[in-house]
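Next comes structure-v8.pdb, a file with PDB, C-alpha atoms.
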```pdb
MODEL        1
ATOM      1  CA  MET A  85      12.378  18.662  24.790
ATOM      2  CA  ASN A  86       9.560  16.840  26.481
ATOM      3  CA  PRO A  87       6.842  16.208  23.897
ATOM      4  CA  ASN A  88       4.283  15.350  26.555
ATOM      5  CA  THR A  89       4.359  18.738  28.258
ATOM      6  CA  SER A  90       4.954  20.900  25.204
ATOM      7  CA  GLU A  91       2.594  19.128  22.820
ATOM      8  CA  ASP A  92      -0.135  21.732  23.240
ATOM      9  CA  GLN A  93       2.321  24.490  22.364
ATOM     10  CA  ALA A  94       2.915  22.835  18.991
ATOM     11  CA  ARG A  95      -0.774  22.653  18.126
ATOM     12  CA  HIS A  96      -2.261  25.296  15.923
ATOM     13  CA  PRO A  97      -6.034  25.895  16.303
ATOM     14  CA  PHE A  98      -6.469  25.806  12.494
ATOM     15  CA  TRP A  99      -4.981  22.350  12.343
ATOM     16  CA  ASP A 100      -7.248  21.086  15.111
ATOM     17  CA  GLN A 101     -10.290  22.655  13.434
ATOM     18  CA  LEU A 102      -9.325  21.215  10.069
ATOM     19  CA  VAL A 103      -8.881  17.755  11.543
ATOM     20  CA  ALA A 104     -12.187  17.987  13.426
ATOM     21  CA  LEU A 105     -13.934  19.098  10.249
ATOM     22  CA  PHE A 106     -12.403  16.243   8.285
ATOM     23  CA  ARG A 107     -13.411  13.695  10.924
ATOM     24  CA  GLY A 108     -16.947  15.073  10.992
ATOM     25  CA  HIS A 109     -17.380  14.765   7.219
ATOM     26  CA  ARG A 110     -15.713  11.354   7.200
ATOM     27  CA  ASP A 111     -17.954   9.981   9.944
ATOM     28  CA  ILE A 112     -21.077  11.203   8.134
ATOM     29  CA  GLU A 113     -19.828   9.437   4.975
ATOM     30  CA  ALA A 114     -19.009   6.303   6.951
ATOM     31  CA  SER A 115     -22.462   6.124   8.501
ATOM     32  CA  ARG A 116     -24.019   6.569   5.043
ATOM     33  CA  ASP A 117     -22.256   3.725   3.298
ATOM     34  CA  THR A 118     -21.161   0.916   5.541
ATOM     35  CA  ILE A 119     -22.048  -1.723   2.975
ATOM     36  CA  THR A 120     -19.955  -2.611  -0.049
ATOM     37  CA  PRO A 121     -20.951  -0.669  -3.188
ATOM     38  CA  LEU A 122     -22.914  -2.658  -5.727
ATOM     39  CA  GLY A 123     -20.633  -4.799  -7.883
ATOM     40  CA  PHE A 124     -17.472  -3.922  -5.984
ATOM     41  CA  ALA A 125     -16.914  -7.361  -4.441
ATOM     42  CA  THR A 126     -17.728  -9.098  -7.740
ATOM     43  CA  ARG A 127     -15.219  -6.883  -9.578
ATOM     44  CA  VAL A 128     -12.494  -7.544  -6.999
ATOM     45  CA  VAL A 129     -13.132 -11.298  -6.957
ATOM     46  CA  SER A 130     -13.102 -11.588 -10.763
ATOM     47  CA  ARG A 131      -9.784  -9.695 -10.888
ATOM     48  CA  TRP A 132      -8.436 -11.981  -8.160
ATOM     49  CA  GLN A 133      -9.495 -15.105 -10.098
ATOM     50  CA  GLU A 134      -7.860 -13.676 -13.211
ATOM     51  CA  MET A 135      -4.698 -12.982 -11.200
ATOM     52  CA  ARG A 136      -4.684 -16.579  -9.898
ATOM     53  CA  GLN A 137      -5.024 -17.941 -13.431
ATOM     54  CA  ASN A 138      -2.238 -15.693 -14.685
ATOM     55  CA  GLU A 139      -0.064 -16.789 -11.789
ATOM     56  CA  MET A 140      -0.615 -20.464 -12.698
ATOM     57  CA  ILE A 141       0.236 -19.713 -16.326
ATOM     58  CA  ARG A 142       3.375 -17.845 -15.226
ATOM     59  CA  ARG A 143       4.405 -20.766 -13.018
ATOM     60  CA  TRP A 144       3.886 -23.179 -15.911
ATOM     61  CA  GLU A 145       5.879 -20.895 -18.207
ATOM     62  CA  ARG A 146       8.722 -20.697 -15.690
ATOM     63  CA  PHE A 147       8.670 -24.484 -15.334
ATOM     64  CA  SER A 148       8.669 -24.952 -19.143
ATOM     65  CA  ILE A 149      11.563 -22.535 -19.642
ATOM     66  CA  ARG A 150      13.603 -24.223 -16.914
ATOM     67  CA  THR A 151      12.833 -27.646 -18.390
ATOM     68  CA  ALA A 152      13.862 -26.438 -21.860
ATOM     69  CA  VAL A 153      17.133 -25.014 -20.493
ATOM     70  CA  ALA A 154      17.847 -28.250 -18.611
ATOM     71  CA  SER A 155      17.095 -30.313 -21.761
ATOM     72  CA  CYS A 156      19.439 -28.157 -23.846
ATOM     73  CA  ALA A 157      22.166 -28.577 -21.219
ATOM     74  CA  CYS A 158      21.675 -32.366 -21.214
ATOM     75  CA  ALA A 159      21.727 -32.456 -25.014
ATOM     76  CA  ALA A 160      24.948 -30.417 -25.066
ATOM     77  CA  VAL A 161      26.616 -32.767 -22.556
ATOM     78  CA  VAL A 162      25.525 -35.848 -24.527
ATOM     79  CA  GLY A 163      26.664 -34.213 -27.812
ATOM     80  CA  LEU A 164      30.078 -33.394 -26.374
ATOM     81  CA  PHE A 165      30.431 -36.913 -25.018
ATOM     82  CA  VAL A 166      29.562 -38.403 -28.401
ATOM     83  CA  MET A 167      31.983 -36.037 -30.178
ATOM     84  CA  VAL A 168      34.875 -36.904 -27.857
ATOM     85  CA  ASN A 169      34.082 -40.609 -28.216
ATOM     86  CA  ASP A 170      33.939 -40.292 -32.002
ATOM     87  CA  GLN A 171      37.398 -38.703 -32.096
ATOM     88  CA  GLY A 172      38.781 -41.604 -30.009
ATOM     89  CA  MET A 173      37.158 -44.088 -32.362
ATOM     90  CA  ASP A 174      38.701 -42.362 -35.395
ATOM     91  CA  GLU A 175      42.165 -42.636 -33.872
ATOM     92  CA  GLU A 176      41.614 -46.333 -33.144
ATOM     93  CA  GLU A 177      40.343 -46.866 -36.684
ATOM     94  CA  GLU A 178      43.474 -45.138 -38.088
ATOM     95  CA  LEU A 179      45.633 -47.505 -36.084
ATOM     96  CA  LEU A 180      43.722 -50.506 -37.395
ATOM     97  CA  LEU A 181      44.105 -49.353 -41.006
ATOM     98  CA  LEU A 182      47.927 -49.179 -40.869
ATOM     99  CA  PRO A 183      49.765 -51.982 -42.805
ATOM    100  CA  PRO A 184      51.087 -54.750 -40.500
ATOM    101  CA  THR A 185      54.799 -53.754 -40.890
ATOM    102  CA  GLU A 186      54.115 -50.131 -40.032
ATOM    103  CA  LEU A 187      51.944 -51.269 -37.209
ATOM    104  CA  GLU A 188      54.774 -53.317 -35.779
ATOM    105  CA  ALA A 189      57.196 -50.386 -36.164
ATOM    106  CA  PHE A 190      54.681 -48.085 -34.579
ATOM    107  CA  THR A 191      54.112 -50.320 -31.598
ATOM    108  CA  GLY A 192      57.858 -51.212 -31.373
ATOM    109  CA  LEU A 193      57.287 -54.921 -32.119
ATOM    110  CA  GLU A 194      59.925 -56.730 -34.141
TER     111      GLU A 194
ATOM    112  CA  MET B 180     -21.822 -22.059  -2.822
ATOM    113  CA  VAL B 181     -23.521 -19.446  -0.648
ATOM    114  CA  GLN B 182     -21.602 -18.270   2.416
ATOM    115  CA  SER B 183     -23.640 -17.992   5.594
ATOM    116  CA  ASP B 184     -23.086 -15.330   8.242
ATOM    117  CA  GLU B 185     -21.937 -18.056  10.604
ATOM    118  CA  ASP B 186     -18.890 -18.823   8.499
ATOM    119  CA  THR B 187     -15.871 -18.031  10.627
ATOM    120  CA  TRP B 188     -12.846 -16.104   9.397
ATOM    121  CA  GLU B 189     -10.820 -19.316   9.451
ATOM    122  CA  MET B 190     -13.321 -21.144   7.249
ATOM    123  CA  LEU B 191     -13.465 -18.268   4.789
ATOM    124  CA  LEU B 192      -9.694 -17.954   4.720
ATOM    125  CA  GLU B 193      -9.227 -21.655   4.156
ATOM    126  CA  ARG B 194     -11.666 -21.615   1.224
ATOM    127  CA  ALA B 195     -10.243 -18.404  -0.221
ATOM    128  CA  ARG B 196      -6.729 -19.850  -0.128
ATOM    129  CA  GLY B 197      -8.060 -22.687  -2.239
ATOM    130  CA  GLY B 198      -9.380 -20.168  -4.766
ATOM    131  CA  ASN B 199     -13.062 -20.296  -3.777
ATOM    132  CA  ALA B 200     -14.717 -17.230  -5.348
ATOM    133  CA  ALA B 201     -17.677 -17.184  -2.934
ATOM    134  CA  ALA B 202     -15.324 -17.142   0.053
ATOM    135  CA  GLY B 203     -13.361 -14.313  -1.561
ATOM    136  CA  HIS B 204     -16.595 -12.424  -2.103
ATOM    137  CA  ALA B 205     -17.573 -12.875   1.544
ATOM    138  CA  LEU B 206     -14.148 -11.685   2.713
ATOM    139  CA  VAL B 207     -14.410  -8.515   0.615
ATOM    140  CA  GLU B 208     -17.922  -7.834   1.929
ATOM    141  CA  ARG B 209     -16.845  -8.279   5.540
ATOM    142  CA  LEU B 210     -13.580  -6.347   5.312
ATOM    143  CA  TYR B 211     -14.855  -3.454   3.173
ATOM    144  CA  PRO B 212     -15.816  -1.167   6.119
ATOM    145  CA  VAL B 213     -12.348  -1.615   7.667
ATOM    146  CA  VAL B 214     -10.554  -0.920   4.384
ATOM    147  CA  ILE B 215     -12.677   2.021   3.246
ATOM    148  CA  ARG B 216     -12.263   3.760   6.610
ATOM    149  CA  ILE B 217      -8.474   3.631   6.261
ATOM    150  CA  VAL B 218      -8.655   4.661   2.601
ATOM    151  CA  ARG B 219     -10.751   7.722   3.473
ATOM    152  CA  ASN B 220      -8.238   8.767   6.113
ATOM    153  CA  HIS B 221      -5.261   8.504   3.773
ATOM    154  CA  LEU B 222      -6.640   9.052   0.302
ATOM    155  CA  PRO B 223      -3.981  10.630  -1.942
ATOM    156  CA  TYR B 224      -4.819  13.620  -4.088
ATOM    157  CA  ALA B 225      -6.746  12.861  -7.309
ATOM    158  CA  MET B 226      -7.199   9.189  -6.519
ATOM    159  CA  ASP B 227     -10.491   7.345  -6.482
ATOM    160  CA  GLU B 228     -11.241   5.664  -3.160
ATOM    161  CA  GLU B 229     -12.772   2.584  -4.794
ATOM    162  CA  ASP B 230      -9.700   2.091  -7.009
ATOM    163  CA  LEU B 231      -7.447   2.261  -3.972
ATOM    164  CA  ALA B 232      -9.700  -0.106  -1.993
ATOM    165  CA  GLN B 233      -9.614  -2.536  -4.922
ATOM    166  CA  GLU B 234      -5.808  -2.403  -5.032
ATOM    167  CA  ILE B 235      -5.696  -3.153  -1.296
ATOM    168  CA  PHE B 236      -7.967  -6.183  -1.696
ATOM    169  CA  MET B 237      -5.839  -7.454  -4.594
ATOM    170  CA  LYS B 238      -2.732  -7.181  -2.406
ATOM    171  CA  MET B 239      -4.586  -8.953   0.398
ATOM    172  CA  PHE B 240      -5.491 -11.864  -1.887
ATOM    173  CA  ALA B 241      -1.972 -12.022  -3.317
ATOM    174  CA  LYS B 242      -0.478 -12.245   0.198
ATOM    175  CA  LEU B 243      -3.176 -14.450   1.705
ATOM    176  CA  ASP B 244      -0.809 -17.424   1.933
ATOM    177  CA  THR B 245       1.578 -15.409   4.105
ATOM    178  CA  PHE B 246      -1.091 -14.701   6.749
ATOM    179  CA  ARG B 247      -0.228 -16.954   9.695
ATOM    180  CA  GLY B 248      -3.171 -16.070  11.939
ATOM    181  CA  GLU B 249      -0.972 -14.623  14.697
ATOM    182  CA  GLN B 250      -3.200 -11.524  14.739
ATOM    183  CA  PRO B 251      -6.853 -10.999  13.748
ATOM    184  CA  LEU B 252      -7.375 -10.792   9.980
ATOM    185  CA  GLU B 253      -8.793  -7.253  10.271
ATOM    186  CA  HIS B 254      -5.532  -6.040  11.857
ATOM    187  CA  TRP B 255      -3.464  -7.689   9.153
ATOM    188  CA  VAL B 256      -5.637  -6.216   6.399
ATOM    189  CA  SER B 257      -5.487  -2.797   8.093
ATOM    190  CA  ARG B 258      -1.712  -2.974   7.938
ATOM    191  CA  VAL B 259      -1.806  -3.899   4.240
ATOM    192  CA  ALA B 260      -4.255  -1.026   3.626
ATOM    193  CA  ARG B 261      -2.180   1.568   5.489
ATOM    194  CA  ASN B 262       1.043   0.510   3.791
ATOM    195  CA  THR B 263      -0.608   0.700   0.357
ATOM    196  CA  CYS B 264      -2.002   4.179   1.104
ATOM    197  CA  PHE B 265       1.349   5.390   2.451
ATOM    198  CA  ASP B 266       3.130   4.028  -0.647
ATOM    199  CA  HIS B 267       0.841   6.145  -2.817
ATOM    200  CA  LEU B 268       1.195   9.191  -0.578
ATOM    201  CA  ARG B 269       4.991   8.849  -0.651
ATOM    202  CA  ARG B 270       4.921   8.935  -4.446
ATOM    203  CA  GLN B 271       3.049  12.230  -4.413
ATOM    204  CA  LYS B 272       5.048  15.347  -5.022
ATOM    205  CA  ARG B 273       6.433  16.774  -1.786
ATOM    206  CA  ARG B 274       6.985  20.458  -1.246
ATOM    207  CA  GLY B 275       9.235  22.078   1.279
ATOM    208  CA  GLU B 276       6.745  24.785   2.180
ATOM    209  CA  LEU B 277       3.214  25.853   1.387
ATOM    210  CA  ARG B 278       2.765  29.608   1.229
ATOM    211  CA  TYR B 279      -0.531  31.417   1.393
ATOM    212  CA  ALA B 280      -0.044  32.458  -2.227
ATOM    213  CA  ASP B 281       0.115  28.758  -3.218
ATOM    214  CA  LEU B 282      -3.369  28.079  -1.859
ATOM    215  CA  ARG B 283      -6.300  27.645  -4.192
ATOM    216  CA  GLU B 284      -9.560  29.483  -3.834
ATOM    217  CA  GLU B 285     -11.215  26.409  -2.282
ATOM    218  CA  ASP B 286      -8.458  26.217   0.340
ATOM    219  CA  THR B 287      -8.823  29.836   1.359
ATOM    220  CA  GLN B 288     -12.596  29.391   1.547
ATOM    221  CA  VAL B 289     -12.153  26.553   4.028
ATOM    222  CA  LEU B 290      -9.738  28.619   6.102
ATOM    223  CA  GLU B 291     -11.935  31.701   6.032
ATOM    224  CA  ALA B 292     -14.926  29.622   7.122
ATOM    225  CA  MET B 293     -12.909  28.254  10.010
ATOM    226  CA  LEU B 294     -11.739  31.703  10.995
ATOM    227  CA  ALA B 295     -15.311  32.943  10.914
ATOM    228  CA  GLY B 296     -16.395  29.999  13.049
ATOM    229  CA  GLU B 297     -18.824  28.825  10.421
ATOM    230  CA  ALA B 298     -17.204  25.465   9.900
ATOM    231  CA  GLU B 299     -19.578  23.621  12.193
ATOM    232  CA  THR B 300     -22.615  24.876  10.380
ATOM    233  CA  ASP B 301     -21.276  23.529   7.087
ATOM    234  CA  THR B 302     -22.597  26.598   5.316
ATOM    235  CA  MET B 303     -19.394  27.267   3.460
ATOM    236  CA  ILE B 304     -17.788  23.866   3.389
ATOM    237  CA  ASP B 305     -20.000  21.246   1.885
ATOM    238  CA  SER B 306     -17.652  18.507   0.768
ATOM    239  CA  THR B 307     -14.960  16.380   2.337
ATOM    240  CA  GLU B 308     -12.878  16.808  -0.806
ATOM    241  CA  GLU B 309     -11.983  20.438  -0.055
ATOM    242  CA  VAL B 310     -10.975  19.679   3.505
ATOM    243  CA  ARG B 311      -9.098  16.551   2.488
ATOM    244  CA  ASP B 312      -7.226  18.379  -0.259
ATOM    245  CA  LEU B 313      -6.103  21.104   2.116
ATOM    246  CA  LEU B 314      -5.038  18.491   4.683
ATOM    247  CA  ASN B 315      -3.115  16.587   2.003
ATOM    248  CA  ARG B 316      -1.385  19.732   0.806
ATOM    249  CA  LEU B 317      -0.399  20.653   4.346
ATOM    250  CA  LEU B 318       0.800  17.144   5.160
ATOM    251  CA  ALA B 319       2.829  17.040   1.927
ATOM    252  CA  THR B 320       5.091  19.728   3.399
ATOM    253  CA  LEU B 321       6.276  17.239   6.041
ATOM    254  CA  LYS B 322       8.759  14.386   5.802
ATOM    255  CA  PRO B 323       7.066  11.057   4.927
ATOM    256  CA  ALA B 324       7.592   9.626   8.425
ATOM    257  CA  GLU B 325       6.166  12.770  10.046
ATOM    258  CA  GLU B 326       3.199  12.690   7.705
ATOM    259  CA  ASN B 327       2.494   9.031   8.490
ATOM    260  CA  VAL B 328       2.593   9.608  12.242
ATOM    261  CA  LEU B 329       0.298  12.622  12.099
ATOM    262  CA  ARG B 330      -2.158  10.830   9.813
ATOM    263  CA  LEU B 331      -2.336   7.846  12.155
ATOM    264  CA  LEU B 332      -2.550  10.020  15.253
ATOM    265  CA  ASP B 333      -4.924  12.795  14.195
ATOM    266  CA  LEU B 334      -6.933  11.388  11.292
ATOM    267  CA  GLU B 335      -7.183   7.717  12.230
ATOM    268  CA  GLN B 336      -7.088   8.538  15.945
ATOM    269  CA  LEU B 337      -4.823   5.627  16.818
ATOM    270  CA  SER B 338      -3.068   5.652  20.173
ATOM    271  CA  VAL B 339       0.677   6.267  20.426
ATOM    272  CA  LYS B 340       1.137   2.615  21.370
ATOM    273  CA  GLU B 341      -0.817   1.406  18.326
ATOM    274  CA  ILE B 342       1.259   3.656  16.052
ATOM    275  CA  ALA B 343       4.477   2.450  17.650
ATOM    276  CA  ASP B 344       3.382  -1.159  17.039
ATOM    277  CA  HIS B 345       2.386  -0.427  13.451
ATOM    278  CA  LEU B 346       5.625   1.354  12.564
ATOM    279  CA  GLY B 347       7.856  -0.826  14.711
ATOM    280  CA  TRP B 348       9.103   2.246  16.614
ATOM    281  CA  GLY B 349       9.388   3.150  20.283
ATOM    282  CA  GLU B 350       6.590   5.263  21.765
ATOM    283  CA  SER B 351       8.938   8.174  22.478
ATOM    284  CA  LYS B 352      10.010   8.288  18.821
ATOM    285  CA  VAL B 353       6.356   8.500  17.798
ATOM    286  CA  LYS B 354       5.772  11.369  20.243
ATOM    287  CA  VAL B 355       8.871  13.272  19.160
ATOM    288  CA  THR B 356       8.040  12.833  15.457
ATOM    289  CA  ALA B 357       4.468  14.018  16.051
ATOM    290  CA  PHE B 358       5.740  17.024  17.989
ATOM    291  CA  ARG B 359       8.143  18.009  15.199
ATOM    292  CA  ALA B 360       5.437  17.570  12.577
ATOM    293  CA  ARG B 361       3.013  19.746  14.555
ATOM    294  CA  LYS B 362       5.671  22.403  15.031
ATOM    295  CA  LYS B 363       6.233  22.557  11.263
ATOM    296  CA  LEU B 364       2.506  22.779  10.577
ATOM    297  CA  GLN B 365       2.161  25.434  13.226
ATOM    298  CA  ALA B 366       4.846  27.513  11.518
ATOM    299  CA  THR B 367       3.120  27.147   8.135
ATOM    300  CA  LEU B 368      -0.317  28.033   9.491
ATOM    301  CA  GLN B 369       1.029  30.974  11.481
ATOM    302  CA  SER B 370       2.626  32.363   8.331
ATOM    303  CA  TRP B 371      -0.828  32.437   6.701
ATOM    304  CA  GLU B 372      -2.528  34.357   9.511
ATOM    305  CA  PRO B 373      -1.705  37.945   8.429
ATOM    306  CA  GLU B 374      -2.999  37.378   4.886
ATOM    307  CA  LEU B 375      -6.058  35.549   6.180
ATOM    308  CA  GLN B 376      -6.882  38.407   8.530
ATOM    309  CA  GLN B 377      -6.487  40.861   5.644
ATOM    310  CA  SER B 378      -8.765  38.890   3.382
ATOM    311  CA  ARG B 379     -11.612  38.953   5.925
ATOM    312  CA  PRO B 380     -14.412  41.285   4.898
TER     313      PRO B 380
ENDMDL
END
```
Would you mind writing the file's structure down as structure tokens?
Amino acid sequence: MNPNTSEDQARHPFWDQLVALFRGHRDIEASRDTITPLGFATRVVSRWQEMRQNEMIRRWERFSIRTAVASCACAAVVGLFVMVNDQGMDEEEELLLLPPTELEAFTGLE
Amino acid sequence: MVQSDEDTWEMLLERARGGNAAAGHALVERLYPVVIRIVRNHLPYAMDEEDLAQEIFMKMFAKLDTFRGEQPLEHWVSRVARNTCFDHLRRQKRRGELRYADLREEDTQVLEAMLAGEAETDTMIDSTEEVRDLLNRLLATLKPAEENVLRLLDLEQLSVKEIADHLGWGESKVKVTAFRARKKLQATLQSWEPELQQSRP
């Protein structure tokens, strides 16, 4: 199939007429109102400004949530560290509380 | 701050990127004719052209930081506008075929006026809406890619090269797609002819 040579065969006169009619109406409309309708630009700009503000708020929210998650993670790590350290301390304290004879037996000292 | 006519696109863009409302206003004013022309060529059924134009401008502002200035701003905005229109058109209900019996009274009036050769006089067709609706209904019988090509080619009157650039296709693919689309439309319109002839007074 060669679309260049057979293109005319695929055209229907109704389609061409319909397209021509549409273009005619459209061009009349276009020549009538080439300037922006009253208030259109103001409406678009105010929505844009609102969108910018919302975007900044969203960014701040995202930052806050991430900061909160990071803080929780840090707190959990510190908490775990303290807990593990506390357990070690308890064991050391138990050792210190043993009577001297038991302590010697425990450590293998005569 | 009032924008003067001498403000270049670059100056306006720079200010708009910084959130300057007056620069945004000036951009909308300058780009409106470009956007509304595209909107009128590809306006989906039952959609207000100003609403669609507004959506396009909102997308333009949202993507303003991604504009690198490799092409004129009007071309970039035209692309945004066409893609937005095509997104809406794609969401519209598609139908495999459009029979004569499916046509509304307004559609048959347009066709009868064309058959009678009265279309040019505008005696029977007095609004773009009727013509646009019939065009939309006919184009909705095609595949989305075929519809897009035919819209760009016949309604927007872009060249094959411009369409190929816009869609990122080869020129031959554009031509073949347009040919297939026209063939389908031809078949649909031919199937209406007997009933149209009968309905003539």
Expanded to explicit residues, what is the ChimeraX specification (/A :<9) & /B for this file, as JSON, numbers by chain?
{"B": [198, 199, 200, 201, 203, 204, 205, 206, 207, 208, 209, 211, 212, 215, 216, 219, 220, 229, 233, 234, 236, 237, 240, 241, 289, 290, 293, 294, 298, 299, 305, 306, 307, 310, 311, 313, 314, 333, 334, 335, 351, 354, 355, 357, 358, 359, 360, 361, 362, 363, 364, 365, 366, 368, 369]}
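With distances restricted to all atoms listed in the file, B:Glu309 is the closest residue to Tyr224 (chain B) from B:Glu326, B:Glu309, B:Glu285, B:Asp344.
Each of B:Ile342, B:Leu282, B:Val213, B:Ala292 was compared to Ile235 (chain B) using only C-alpha atoms, and B:Val213 turns out to be the nearest.
A straight line drawn from CA of Trp188 (chain B) to CA of Gly248 (chain B) is 10.0 Å long.
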For region 318-323 of chain B: contacts at 10 Å, all atoms listed in the file, fewer than 4 positions along chain excluded, given as a ChimeraX atom specification
/B:265-266,268-277,312-314,327-330,356,359-361,363-364,367
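Between CA of Glu193 (chain B) and CA of Glu145 (chain A) there is a distance of 27.0 Å.
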Between CA of Met140 (chain A) and CA of Ser257 (chain B), what is the spacing in Å?
27.7 Å
Hey, what comes out of the PyMOL selection byres ((chain B and resi 279) around 10) on this file? Could you write it as a short mmCIF file (atom, residue, chain, number, x, y, z; two decimals) with C-alpha atoms, in the coordinates of the input?
```cif
data_model
loop_
_atom_site.label_atom_id
_atom_site.label_comp_id
_atom_site.auth_asym_id
_atom_site.auth_seq_id
_atom_site.Cartn_x
_atom_site.Cartn_y
_atom_site.Cartn_z
CA GLU B 276 6.74 24.78 2.18
CA LEU B 277 3.21 25.85 1.39
CA ARG B 278 2.76 29.61 1.23
CA ALA B 280 -0.04 32.46 -2.23
CA ASP B 281 0.12 28.76 -3.22
CA LEU B 282 -3.37 28.08 -1.86
CA ARG B 283 -6.30 27.64 -4.19
CA ASP B 286 -8.46 26.22 0.34
CA THR B 287 -8.82 29.84 1.36
CA THR B 367 3.12 27.15 8.14
CA LEU B 368 -0.32 28.03 9.49
CA SER B 370 2.63 32.36 8.33
CA TRP B 371 -0.83 32.44 6.70
CA GLU B 372 -2.53 34.36 9.51
CA PRO B 373 -1.70 37.94 8.43
CA GLU B 374 -3.00 37.38 4.89
CA LEU B 375 -6.06 35.55 6.18
#
```
Enclose the full set of atoms of region 233-243 of chain B listed in the file within a box whose edges lie along x, y and z, apply 8 Å of padding to each of the six sides, and report centre and edge lengths in Å to one decimal as lines of an AutoDock Vina configuration file.
```
center_x = -5.0
center_y = -8.4
center_z = -1.7
size_x = 25.1
size_y = 28.0
size_z = 22.7
```
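Using all atoms listed in the file for every distance, the candidate list B:Ala232, B:Ile217, B:Ala195, B:Leu210 yields B:Ile217 as the residue closest to Leu337 (chain B).
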